[in-house]
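A.B. asks: Below is the file input_23.cif, which contains mmCIF, C-alpha atoms; chains and numbers go by the auth columns.
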data_protein
loop_
_atom_site.group_PDB
_atom_site.id
_atom_site.type_symbol
_atom_site.label_atom_id
_atom_site.label_comp_id
_atom_site.label_asym_id
_atom_site.label_seq_id
_atom_site.Cartn_x
_atom_site.Cartn_y
_atom_site.Cartn_z
_atom_site.B_iso_or_equiv
_atom_site.auth_seq_id
_atom_site.auth_asym_id
ATOM 1 C CA MET A 1 0.000 0.000 0.000 0.00 1 A
ATOM 2 C CA GLU A 2 1.165 3.539 -0.655 0.00 2 A
ATOM 3 C CA ILE A 3 0.506 6.527 1.565 0.00 3 A
ATOM 4 C CA ARG A 4 1.409 10.197 1.319 0.00 4 A
ATOM 5 C CA SER A 5 3.815 11.693 3.829 0.00 5 A
ATOM 6 C CA ALA A 6 5.119 15.236 4.335 0.00 6 A
ATOM 7 C CA TYR A 7 8.901 15.763 4.362 0.00 7 A
ATOM 8 C CA LEU A 8 11.034 18.786 5.131 0.00 8 A
ATOM 9 C CA LYS A 9 14.627 19.938 4.801 0.00 9 A
ATOM 10 C CA ALA A 10 16.200 23.161 6.029 0.00 10 A
ATOM 11 C CA PRO A 11 15.865 25.884 5.111 0.00 11 A
ATOM 12 C CA TRP A 12 12.082 25.814 4.626 0.00 12 A
ATOM 13 C CA GLN A 13 11.841 23.143 1.916 0.00 13 A
ATOM 14 C CA THR A 14 8.835 20.797 1.954 0.00 14 A
ATOM 15 C CA GLU A 15 7.418 18.093 -0.280 0.00 15 A
ATOM 16 C CA ILE A 16 4.782 15.370 -0.248 0.00 16 A
ATOM 17 C CA ARG A 17 6.093 11.859 -0.998 0.00 17 A
ATOM 18 C CA ARG A 18 4.486 8.511 -1.692 0.00 18 A
ATOM 19 C CA VAL A 19 5.744 5.963 0.835 0.00 19 A
ATOM 20 C CA SER A 20 5.243 2.169 0.765 0.00 20 A
ATOM 21 C CA MET A 21 3.630 0.570 3.808 0.00 21 A
ATOM 22 C CA PRO A 22 2.812 -3.078 4.573 0.00 22 A
ATOM 23 C CA GLU A 23 -0.779 -4.092 3.784 0.00 23 A
ATOM 24 C CA GLU A 24 -1.340 -5.163 7.415 0.00 24 A
ATOM 25 C CA PRO A 25 0.070 -3.484 10.525 0.00 25 A
ATOM 26 C CA PRO A 26 2.773 -5.388 12.436 0.00 26 A
ATOM 27 C CA ALA A 27 2.104 -6.757 15.926 0.00 27 A
ATOM 28 C CA LYS A 28 1.017 -4.132 18.462 0.00 28 A
ATOM 29 C CA GLU A 29 0.717 -1.401 15.824 0.00 29 A
ATOM 30 C CA VAL A 30 -2.297 0.211 14.163 0.00 30 A
ATOM 31 C CA LEU A 31 -2.949 1.952 10.867 0.00 31 A
ATOM 32 C CA ILE A 32 -4.574 5.338 11.445 0.00 32 A
ATOM 33 C CA ARG A 33 -6.475 7.302 8.811 0.00 33 A
ATOM 34 C CA VAL A 34 -5.238 10.790 9.619 0.00 34 A
ATOM 35 C CA GLU A 35 -8.006 13.378 9.695 0.00 35 A
ATOM 36 C CA ALA A 36 -5.933 16.242 11.100 0.00 36 A
ATOM 37 C CA CYS A 37 -2.215 16.829 11.492 0.00 37 A
ATOM 38 C CA GLY A 38 -0.355 19.740 12.978 0.00 38 A
ATOM 39 C CA ILE A 39 3.191 20.809 13.469 0.00 39 A
ATOM 40 C CA CYS A 40 4.927 21.976 16.627 0.00 40 A
ATOM 41 C CA GLY A 41 7.958 24.039 17.554 0.00 41 A
ATOM 42 C CA SER A 42 10.375 21.170 16.910 0.00 42 A
ATOM 43 C CA ASP A 43 9.073 20.880 13.320 0.00 43 A
ATOM 44 C CA LEU A 44 9.571 24.618 12.794 0.00 44 A
ATOM 45 C CA PHE A 45 13.098 24.476 14.217 0.00 45 A
ATOM 46 C CA ALA A 46 13.907 21.541 11.909 0.00 46 A
ATOM 47 C CA ALA A 47 12.490 23.390 8.885 0.00 47 A
ATOM 48 C CA GLU A 48 14.420 26.550 9.679 0.00 48 A
ATOM 49 C CA SER A 49 17.876 25.094 10.357 0.00 49 A
ATOM 50 C CA LYS A 50 18.152 21.625 11.924 0.00 50 A
ATOM 51 C CA ALA A 51 17.054 19.230 9.154 0.00 51 A
ATOM 52 C CA LYS A 52 20.212 18.890 7.062 0.00 52 A
ATOM 53 C CA GLU A 53 18.677 15.871 5.265 0.00 53 A
ATOM 54 C CA TRP A 54 15.051 15.189 4.273 0.00 54 A
ATOM 55 C CA GLN A 55 12.898 13.947 7.174 0.00 55 A
ATOM 56 C CA SER A 56 9.202 13.326 7.740 0.00 56 A
ATOM 57 C CA PHE A 57 7.310 15.782 9.918 0.00 57 A
ATOM 58 C CA GLY A 58 3.899 16.492 11.383 0.00 58 A
ATOM 59 C CA HIS A 59 3.593 14.235 14.410 0.00 59 A
ATOM 60 C CA GLU A 60 0.617 15.948 16.069 0.00 60 A
ATOM 61 C CA VAL A 61 -2.110 13.743 14.544 0.00 61 A
ATOM 62 C CA ALA A 62 -5.752 12.852 15.127 0.00 62 A
ATOM 63 C CA GLY A 63 -7.688 10.252 13.195 0.00 63 A
ATOM 64 C CA VAL A 64 -9.516 6.942 13.140 0.00 64 A
ATOM 65 C CA ILE A 65 -8.120 3.420 13.448 0.00 65 A
ATOM 66 C CA GLU A 66 -8.370 1.698 10.041 0.00 66 A
ATOM 67 C CA LYS A 67 -6.593 -1.617 10.794 0.00 67 A
ATOM 68 C CA LEU A 68 -5.260 -3.394 13.873 0.00 68 A
ATOM 69 C CA GLY A 69 -2.130 -5.500 14.069 0.00 69 A
ATOM 70 C CA PRO A 70 -2.094 -8.601 16.303 0.00 70 A
ATOM 71 C CA GLY A 71 -1.973 -7.877 20.022 0.00 71 A
ATOM 72 C CA CYS A 72 -3.858 -4.566 20.004 0.00 72 A
ATOM 73 C CA ASP A 73 -6.276 -5.604 22.730 0.00 73 A
ATOM 74 C CA GLY A 74 -8.752 -2.954 23.822 0.00 74 A
ATOM 75 C CA LEU A 75 -8.674 -1.076 20.508 0.00 75 A
ATOM 76 C CA GLN A 76 -11.249 -1.187 17.701 0.00 76 A
ATOM 77 C CA VAL A 77 -11.419 -0.326 14.028 0.00 77 A
ATOM 78 C CA GLY A 78 -13.291 2.977 13.763 0.00 78 A
ATOM 79 C CA GLN A 79 -12.079 4.205 17.158 0.00 79 A
ATOM 80 C CA LYS A 80 -10.992 7.846 17.231 0.00 80 A
ATOM 81 C CA VAL A 81 -7.417 8.443 18.327 0.00 81 A
#
Please render this file's structure as structure tokens.
C.D. replies:
Amino acid sequence: MEIRSAYLKAPWQTEIRRVSMPEEPPAKEVLIRVEACGICGSDLFAAESKAKEWQSFGHEVAGVIEKLGPGCDGLQVGQKV
């Protein structure tokens, strides 16, 4: 499966990339359909000067669980996270 992910590199360069993901989440991991994503001060610092190489960013996310890997007891598909 392919997803889209935001990447940045200093100074102030950004791009959206297609990234390959496994069809099913590994054990104790979930696949989340992101409905909102923000950035924080560490992302801004990376974009301004810290990120010498391309890196993904935007780790302040909210969404819905799409798939569960084995061992994700207590979680459900469709649950908001």
A.B. asks: Please measure the separation of atom CA of A:Val64 and atom CA of A:Leu44, giving the value in Å to one decimal.
C.D. replies: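 Value for the atom CA of A:Val64-atom CA of A:Leu44 distance: 26.0 Å.
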A.B. asks: Could you list, as a PDB file with C-alpha atoms, in the frame of the given file, every residue within 10 Å of A:Met21, counting only C-alpha atoms and ignoring same-chain residues fewer than 3 positions away?
C.D. replies:
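What landed in around-v6.pdb:
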ATOM      1  CA  MET A   1       0.000   0.000   0.000  1.00  0.00           C
ATOM      2  CA  GLU A   2       1.165   3.539  -0.655  1.00  0.00           C
ATOM      3  CA  ILE A   3       0.506   6.527   1.565  1.00  0.00           C
ATOM      4  CA  ARG A  18       4.486   8.511  -1.692  1.00  0.00           C
ATOM      5  CA  GLU A  24      -1.340  -5.163   7.415  1.00  0.00           C
ATOM      6  CA  PRO A  25       0.070  -3.484  10.525  1.00  0.00           C
ATOM      7  CA  LEU A  31      -2.949   1.952  10.867  1.00  0.00           C
TER       8      LEU A  31
END
A.B. asks: I'd like the contact shell of A:Gly63 - 6 Å cut-off, all atoms listed in the file, skipping same-chain residues fewer than 3 positions apart - returned as an NGL selection string.
C.D. replies: :A and (33-35 or 80-81)
A.B. asks: Save out the residues we just selected, C-alpha atoms, as a CSV table (one decimal), keeping the file's coordinate frame.
C.D. replies:
chain,number,residue,atom,x,y,z
A,33,ARG,CA,-6.5,7.3,8.8
A,34,VAL,CA,-5.2,10.8,9.6
A,35,GLU,CA,-8.0,13.4,9.7
A,80,LYS,CA,-11.0,7.8,17.2
A,81,VAL,CA,-7.4,8.4,18.3
A.B. asks: Just the residues within 12 Å of A:Glu15, please, counting all atoms listed in the file, with nothing from its chain fewer than 5 positions along; format it as a PyMOL selection string.
C.D. replies: chain A and resi 4-10+47+54-57
A.B. asks: Looking at A:Glu23, A:Glu66, A:Glu29, A:Asp43, which one is nearest to A:Pro11, with distances taken over all atoms listed in the file?
C.D. replies: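 Checking each of A:Glu23, A:Glu66, A:Glu29, A:Asp43 against A:Pro11, counting all atoms listed in the file, the winner is A:Asp43.
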A.B. asks: Do you have the atom CA of A:Glu48-atom CA of A:Ser20 distance handy?
C.D. replies: 27.5 Å
A.B. asks: So what do you get for atom CA of A:Ile39 versus atom CA of A:Ile16, distance-wise?
C.D. replies: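 Atom CA of A:Ile16 lies 14.8 Å from atom CA of A:Ile39.
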A.B. asks: Do you know which residues are at most 12 Å from A:Asp73 counting all atoms listed in the file, after dropping those on the same chain fewer than 6 positions away, and could you put them as a list in words?
C.D. replies: Ala27, Lys28, Glu29 and Val30 of chain A
A.B. asks: Please determine an axis-aligned box that encloses all atoms of stretch 53-67 of chain A listed in the file, with 3 Å added on each side, and express its centre and edge lengths in Å to one decimal as JSON.
C.D. replies:
{"center_x": 4.6, "center_y": 7.4, "center_z": 10.2, "size_x": 34.2, "size_y": 24.1, "size_z": 17.8}
A.B. asks: Find, counting only C-alpha atoms, the residue in A:Pro26, A:Val19, A:Gln13, A:Ser42 that gets nearest to A:His59.
C.D. replies: A:Ser42
A.B. asks: What residues have an atom no more than 6 Å from (-2.3, 12.7, 13.0) in the file's own frame, counting all atoms listed in the file, and can you write them as a list in words?
C.D. replies: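 It turns out the residues near that spot are Val34, Ala36, Cys37, Glu60, Val61, Ala62 and Gly63 of chain A.
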A.B. asks: Which of these, A:Cys72, A:Gln79, A:Gly58, A:Lys67, has the shortest distance to A:Ala46 once you count only C-alpha atoms?
C.D. replies: A:Gly58
